[in-house]
Amino acid sequence: MLSTILFLILLIGGIGFFGWNVMKMRSNINLGRGINRTDNRKERWKTMTLVALGQKKMFSRPIPALLHLAIYAAFVITQIELIEIFIDGIVGSHRMFRESLGGFYTFIISFIEILSVLALIATFAFLSRRNLIKVPRLNMKEMNGWPKMDGNMILFMELILVTCIFTMNGADEMMHIAETGQSYGFTISSFIGPLFFDGLSIDTLHVIERIGWWGHIIMVFTFLNYLPYSKHFHILLAFPNTWYSNLEAKGKFTNMESVTNEVKLMMDPNADPYAAPPEGADVTPQRFGAKDVTDLTWKNLMDSYTCTECGRCTSSCPANITGKLLSPRKIMMATRDRLVEVGDNKRKNGADFEDGKSLLFDYISEEEIWACTSCNACVEECPINIDPLSIIIDLRRYLVMEESKMPTEIAGMTTNIENNGAPWQFSPSDRLNWANED
Amino acid sequence: MSLIVPTMAEMMAKGESPEYLFWVGCSGSFDYRAKKITKALVKILNECKVSFAVLGTEESCTGDPAKRAGNEFTFQMQAMMNIQVLDGYEVKKIVTACPHCLNTLKNEYPELGGTYEVIHHTQLIQELINQGKLTLKDGGTFKGKKITFHDPCYLGRANNIFEAPRNLIQKLDSELVEMKNCKSKGLCCGAGGAQMFKEAEKGNKEINVERTEDALETKADIIATGCPFCNTMMTDGVKLAEKESSVEVLDVAELIAQAADL
């Protein structure tokens with residue numbers, strides 16, 4: 001009875017706090033500008049299935065892909081066992097499904113155990129990639145401090161989770177043998193049980209089994225509630241984020257309709273520049289481009305929460321490879337950090353609160369955004385279809401169109417286009433000269 | 001052999017309308033090196049009697065570098081003026097040798113009212129060869145040579161055109177060798193996103209040097225590409241590596257024009 005109450009407190013508290021944090025993230029994402037990403041649903045389901053569920057893009061780098069697959073598969077399949085653990089916890093039963101499922105139960109638990117061993121191996125491999133081999137993309141300067149610790153914390157939590165599962169199953173195996181003379185027949189714990197827990201009394205075994213059981217479920221809730229504070233939220237957001245992917249050609253930049261209206265007005269000889277806006281029209285002028293996170297689209301903001309800081313983008317970025325300051329991963333991390341700050345500010349001090357800071361300048365420098373070649377390598381690389389490029393371009397748009405801040409050569413190039421119809425200083429009347437030259 | 005380059009205005013005066021508008025682009029019109037690519041393509045079009053015309057002095061920058069640099073105003077002004085000209089001539093199909101022009105015309109003009117079928121010159125050349133309109137000489141200029149293809153970002157990743165240029169190179173009597181990063185993983189030459197027109201930010205290497213090293217690693221005799229900007233960047237990279245006597249940088253159109261003895 002006491003354990004049921006404890007379990008229910010844990011369950012409600014764990015899910016409640018997680019839900020509260022998720023609502024906060026949701027309201028933060030909704031601070032972004034509108035963008036329509038609900039067209040072509042068939043293609044969206046397909047993209048989500050292939051990219052998120054099927055991890056298609058991970059496999060361009062096979063070693064981390066296989067290790068990641070082991071943890072992913074173990075994580076997903078373990079959710080089945082979690083259903084039983086929940087029911088056992090509430091009802092106070094022990095292995096609720098074993099009787100009714102029989103041999104299939106043995107198969108499922110054995111399958112989970114095998115995947116858990118693979119996940120354990122993968123976790124050690126990942127820890128050594130981060131801390132011993134020091135894979136370059138996991139040890140760049142934007143990873144110093146909290147991000148590096150965050151990555152390791154997740155892996156340690158996975159170690160504890162798997163250890164608890166085997167403690168639970170191993171001790172339970174020995175109890176079962178002592179009580180019935182028979183093994184459960186689970187693939188891994190039928191070895192682990194005799195190996196670690198041989199010769200212990202039933203009472204001791206029972207305590208160990210409970211430690212494993214409670215340790216596991218406490219870890220599950222800890223993990224769940226750690227997620228919103230961590231880069232690891234990708235395990236959930238990868239799905240919606242790929243569903244809302246950009247389905248257009250990667251080279252297509254968004255059209256700025258506010259500009260289209262202005263340009264049409266300029267080119268229309270009959271337009272009345274002093275005409276009042278139509279009744280009911282939104283008259284507050286929108287900023288051109290993005291200075292802060294609230295100028296970005298909600299998809300950009302969702303991207304930032306989805307980023308798990310793997311650094312594939314940065315390791316394929318031509319600017320970063322050649323030593324420039326730009327790192328697409330850092331763009332995403334900065335966007336997220338700033339979004340959390342802006343969201344917290346608004347909740348604390350009211351929706352109109354300004355802290356005098358902005359994404360551009362305080363978090364991302366001009367030097368970074370001018371180093372981008374718009375080559376789309378980062379977009380191509382991202383295993384969950386995050387688009388750092390559209391943020392970079394929106395920041396450029398703000399700099400150029402609102403503050404007229406740009407490298408002098410860019411200003412010259414633009415003037416040339418406006419005056420001679422070419423980015424260089426050539427006369428438009430010479431445009432066809434090539435046809436008559438040798 | 002002199003080139004036959006009709007303009008849209010001339011065509012219209014004769015009451016004709018060509019199948020293709022050849023969008024030459026600023027590089028193709030003004031840049032010393034890129035003009036050679038333009039002429040190679042015209043030779044091919046002339047040889048195959050493709051019905052085409054250019055806008056000539058009526059052509060203007062698509063606005064691509066302005067848009068990439070964040071100047072949407074300049075871009076849309078250019079786009080709307082170009083669309084007026086294109087629609088005035090009732091243009092339906094456009095071929096261009098510049099992936100930046102291609103991307104802008106194909107993807108960014110429709111929302112401003114200009115919808116055209118836009119193809120890259122390598123796609124058109126492939127079609128001409130497939131239709132038997134263009135034949136390459138066997139055992140010609142490129143026999144036994146190694147050629148590597150550098151994917152222009154705005155052709156490859158941006159518009160998923162990876163195969164047309166490769167199919168053409170494979171039609172030559174030569175060996176196509178791939179760089180370690182190619183196709184969708186290809187590394188940028190460093191010119192995109194309006195970088196062509198400015199100094200690079202502070203770093204420890206120029207991007208075109210990095211990419212040229214990838215290309216030289218393949219031991220190719222020829223670095224082929226399909227973009228005038230990439231051509232400039234790779235040519236500079238080869239010069240910096242002091243390899244210009246042994247490694248050539250050529251557009252796919254130039255390779256084909258040479259192989260067809262034009």
# chains A, B, ... in the order shown; residues from 1 in each chain; ligands from 1
call {"tool": "residues_around", "arguments": {"residues": "Val259 (chain A)", "least_positions_apart": "2", "cutoff": "9 Å", "atoms": "only C-alpha atoms", "output": "list of chain:residue names"}}
result
A:Asn255, A:Met256, A:Glu257, A:Asn261, A:Glu262, A:Val263, A:Lys264, A:Phe288, B:Glu72, B:Phe73, B:Gln76
call {"tool": "write_last_selection", "arguments": {"atoms": "C-alpha atoms", "output": "PDB file, in the first residue's frame"}}
result
ATOM      1  CA  ASN A 255      10.125  35.256 -50.101  1.00  0.00           C
ATOM      2  CA  MET A 256       9.592  38.338 -47.952  1.00  0.00           C
ATOM      3  CA  GLU A 257       6.048  39.378 -48.705  1.00  0.00           C
ATOM      4  CA  ASN A 261       4.229  44.756 -51.338  1.00  0.00           C
ATOM      5  CA  GLU A 262       6.651  47.686 -51.148  1.00  0.00           C
ATOM      6  CA  VAL A 263       8.324  46.800 -54.440  1.00  0.00           C
ATOM      7  CA  LYS A 264       4.990  46.400 -56.204  1.00  0.00           C
ATOM      8  CA  PHE A 288      12.746  43.132 -41.725  1.00  0.00           C
TER       9      PHE A 288
ATOM     10  CA  GLU B  72      15.581  41.439 -50.293  1.00  0.00           C
ATOM     11  CA  PHE B  73      14.698  44.865 -51.707  1.00  0.00           C
ATOM     12  CA  GLN B  76      12.884  41.749 -55.617  1.00  0.00           C
TER      13      GLN B  76
END
call {"tool": "interface_residues", "arguments": {"of": "chain B", "to": "chain A", "cutoff": "7 Å", "atoms": "only C-alpha atoms", "output": "PyMOL selection string"}}
result
chain B and resi 3+5+26+29-30+35+56-57+60-61+66+69-74+76-77+103+107-108+153-154+157-159+185+187-188+190-193+195+197-198+200-207
call {"tool": "residues_around", "arguments": {"residues": "region 81-92 of chain B", "least_positions_apart": "2", "cutoff": "6 Å", "atoms": "only C-alpha atoms", "output": "ChimeraX atom specification"}}
result
/B:78-79,114,116
call {"tool": "residues_around", "arguments": {"residues": "Gly144 (chain B)", "least_positions_apart": "5", "cutoff": "8 Å", "atoms": "only C-alpha atoms", "output": "short mmCIF file (atom, residue, chain, number, x, y, z; two decimals) with C-alpha atoms, in the first residue's frame"}}
result
data_model
loop_
_atom_site.label_atom_id
_atom_site.label_comp_id
_atom_site.auth_asym_id
_atom_site.auth_seq_id
_atom_site.Cartn_x
_atom_site.Cartn_y
_atom_site.Cartn_z
CA ASP B 173 36.80 8.71 -73.22
CA SER B 174 38.06 9.35 -69.70
CA GLU B 175 37.83 8.21 -66.11
#
call {"tool": "residues_around", "arguments": {"residues": "Glu254 (chain B)", "least_positions_apart": "2", "cutoff": "8 Å", "atoms": "only C-alpha atoms", "output": "tab-separated table (two decimals) with C-alpha atoms, in the first residue's frame"}}
result
chain	number	residue	atom	x	y	z
B	36	LYS	CA	34.61	31.04	-72.69
B	37	ILE	CA	32.05	28.77	-71.06
B	40	ALA	CA	31.40	26.76	-75.64
B	41	LEU	CA	27.73	26.31	-74.84
B	250	LEU	CA	37.03	23.33	-67.16
B	251	ASP	CA	33.29	23.61	-67.36
B	252	VAL	CA	31.43	20.49	-68.49
B	256	ILE	CA	31.85	18.44	-74.40
B	257	ALA	CA	32.55	21.16	-76.96
B	258	GLN	CA	36.16	19.98	-77.18
call {"tool": "residues_around", "arguments": {"residues": "His100 (chain B)", "least_positions_apart": "4", "cutoff": "10 Å", "atoms": "only C-alpha atoms", "output": "count of residues only"}}
result
20
call {"tool": "decode", "arguments": {"residues": "region 184-207 of chain B", "atoms": "N, CA and C atoms", "output": "PDB file, in the first residue's frame"}}
result
ATOM      1  N   SER B 184      25.909  15.097 -52.590  1.00  0.00           N
ATOM      2  CA  SER B 184      25.244  15.884 -51.543  1.00  0.00           C
ATOM      3  C   SER B 184      26.204  16.261 -50.407  1.00  0.00           C
ATOM      4  N   LYS B 185      27.367  15.607 -50.347  1.00  0.00           N
ATOM      5  CA  LYS B 185      28.346  15.936 -49.302  1.00  0.00           C
ATOM      6  C   LYS B 185      29.460  16.831 -49.834  1.00  0.00           C
ATOM      7  N   GLY B 186      29.290  17.324 -51.047  1.00  0.00           N
ATOM      8  CA  GLY B 186      30.338  18.131 -51.657  1.00  0.00           C
ATOM      9  C   GLY B 186      30.653  19.374 -50.842  1.00  0.00           C
ATOM     10  N   LEU B 187      31.927  19.744 -50.810  1.00  0.00           N
ATOM     11  CA  LEU B 187      32.314  20.950 -50.081  1.00  0.00           C
ATOM     12  C   LEU B 187      32.212  22.157 -51.011  1.00  0.00           C
ATOM     13  N   CYS B 188      31.722  23.234 -50.458  1.00  0.00           N
ATOM     14  CA  CYS B 188      31.568  24.498 -51.188  1.00  0.00           C
ATOM     15  C   CYS B 188      32.930  24.996 -51.688  1.00  0.00           C
ATOM     16  N   CYS B 189      32.934  25.737 -52.793  1.00  0.00           N
ATOM     17  CA  CYS B 189      34.176  26.327 -53.312  1.00  0.00           C
ATOM     18  C   CYS B 189      34.520  27.608 -52.567  1.00  0.00           C
ATOM     19  N   GLY B 190      33.530  28.126 -51.831  1.00  0.00           N
ATOM     20  CA  GLY B 190      33.779  29.350 -51.068  1.00  0.00           C
ATOM     21  C   GLY B 190      33.135  30.600 -51.644  1.00  0.00           C
ATOM     22  N   ALA B 191      32.477  30.488 -52.801  1.00  0.00           N
ATOM     23  CA  ALA B 191      31.970  31.689 -53.472  1.00  0.00           C
ATOM     24  C   ALA B 191      30.505  31.978 -53.188  1.00  0.00           C
ATOM     25  N   GLY B 192      29.769  30.983 -52.713  1.00  0.00           N
ATOM     26  CA  GLY B 192      28.321  31.150 -52.559  1.00  0.00           C
ATOM     27  C   GLY B 192      27.937  32.156 -51.490  1.00  0.00           C
ATOM     28  N   GLY B 193      26.657  32.462 -51.448  1.00  0.00           N
ATOM     29  CA  GLY B 193      26.149  33.339 -50.405  1.00  0.00           C
ATOM     30  C   GLY B 193      26.744  34.723 -50.434  1.00  0.00           C
ATOM     31  N   ALA B 194      27.073  35.198 -51.647  1.00  0.00           N
ATOM     32  CA  ALA B 194      27.665  36.521 -51.885  1.00  0.00           C
ATOM     33  C   ALA B 194      29.115  36.622 -51.418  1.00  0.00           C
ATOM     34  N   GLN B 195      29.729  35.490 -51.037  1.00  0.00           N
ATOM     35  CA  GLN B 195      31.142  35.510 -50.635  1.00  0.00           C
ATOM     36  C   GLN B 195      32.049  35.877 -51.814  1.00  0.00           C
ATOM     37  N   MET B 196      31.581  35.554 -53.032  1.00  0.00           N
ATOM     38  CA  MET B 196      32.345  35.861 -54.248  1.00  0.00           C
ATOM     39  C   MET B 196      32.771  37.325 -54.273  1.00  0.00           C
ATOM     40  N   PHE B 197      31.954  38.177 -53.670  1.00  0.00           N
ATOM     41  CA  PHE B 197      32.157  39.614 -53.839  1.00  0.00           C
ATOM     42  C   PHE B 197      32.826  40.272 -52.642  1.00  0.00           C
ATOM     43  N   LYS B 198      33.263  39.476 -51.670  1.00  0.00           N
ATOM     44  CA  LYS B 198      33.890  40.068 -50.498  1.00  0.00           C
ATOM     45  C   LYS B 198      35.093  39.245 -50.046  1.00  0.00           C
ATOM     46  N   GLU B 199      35.894  39.830 -49.189  1.00  0.00           N
ATOM     47  CA  GLU B 199      36.981  39.083 -48.567  1.00  0.00           C
ATOM     48  C   GLU B 199      36.375  38.094 -47.578  1.00  0.00           C
ATOM     49  N   ALA B 200      37.035  36.957 -47.405  1.00  0.00           N
ATOM     50  CA  ALA B 200      36.545  35.990 -46.426  1.00  0.00           C
ATOM     51  C   ALA B 200      36.805  36.514 -45.015  1.00  0.00           C
ATOM     52  N   GLU B 201      36.013  36.025 -44.058  1.00  0.00           N
ATOM     53  CA  GLU B 201      36.257  36.365 -42.663  1.00  0.00           C
ATOM     54  C   GLU B 201      37.587  35.736 -42.239  1.00  0.00           C
ATOM     55  N   LYS B 202      38.070  36.194 -41.085  1.00  0.00           N
ATOM     56  CA  LYS B 202      39.354  35.695 -40.590  1.00  0.00           C
ATOM     57  C   LYS B 202      39.250  34.186 -40.310  1.00  0.00           C
ATOM     58  N   GLY B 203      40.244  33.454 -40.772  1.00  0.00           N
ATOM     59  CA  GLY B 203      40.274  32.011 -40.521  1.00  0.00           C
ATOM     60  C   GLY B 203      41.694  31.534 -40.682  1.00  0.00           C
ATOM     61  N   ASN B 204      41.875  30.210 -40.855  1.00  0.00           N
ATOM     62  CA  ASN B 204      43.246  29.739 -41.045  1.00  0.00           C
ATOM     63  C   ASN B 204      43.514  29.233 -42.464  1.00  0.00           C
ATOM     64  N   LYS B 205      42.501  29.364 -43.333  1.00  0.00           N
ATOM     65  CA  LYS B 205      42.663  28.854 -44.690  1.00  0.00           C
ATOM     66  C   LYS B 205      41.548  29.431 -45.559  1.00  0.00           C
ATOM     67  N   GLU B 206      41.802  29.539 -46.857  1.00  0.00           N
ATOM     68  CA  GLU B 206      40.716  29.927 -47.754  1.00  0.00           C
ATOM     69  C   GLU B 206      39.934  28.670 -48.135  1.00  0.00           C
ATOM     70  N   ILE B 207      38.627  28.817 -48.290  1.00  0.00           N
ATOM     71  CA  ILE B 207      37.798  27.649 -48.600  1.00  0.00           C
ATOM     72  C   ILE B 207      38.184  27.045 -49.949  1.00  0.00           C
TER      73      ILE B 207
END
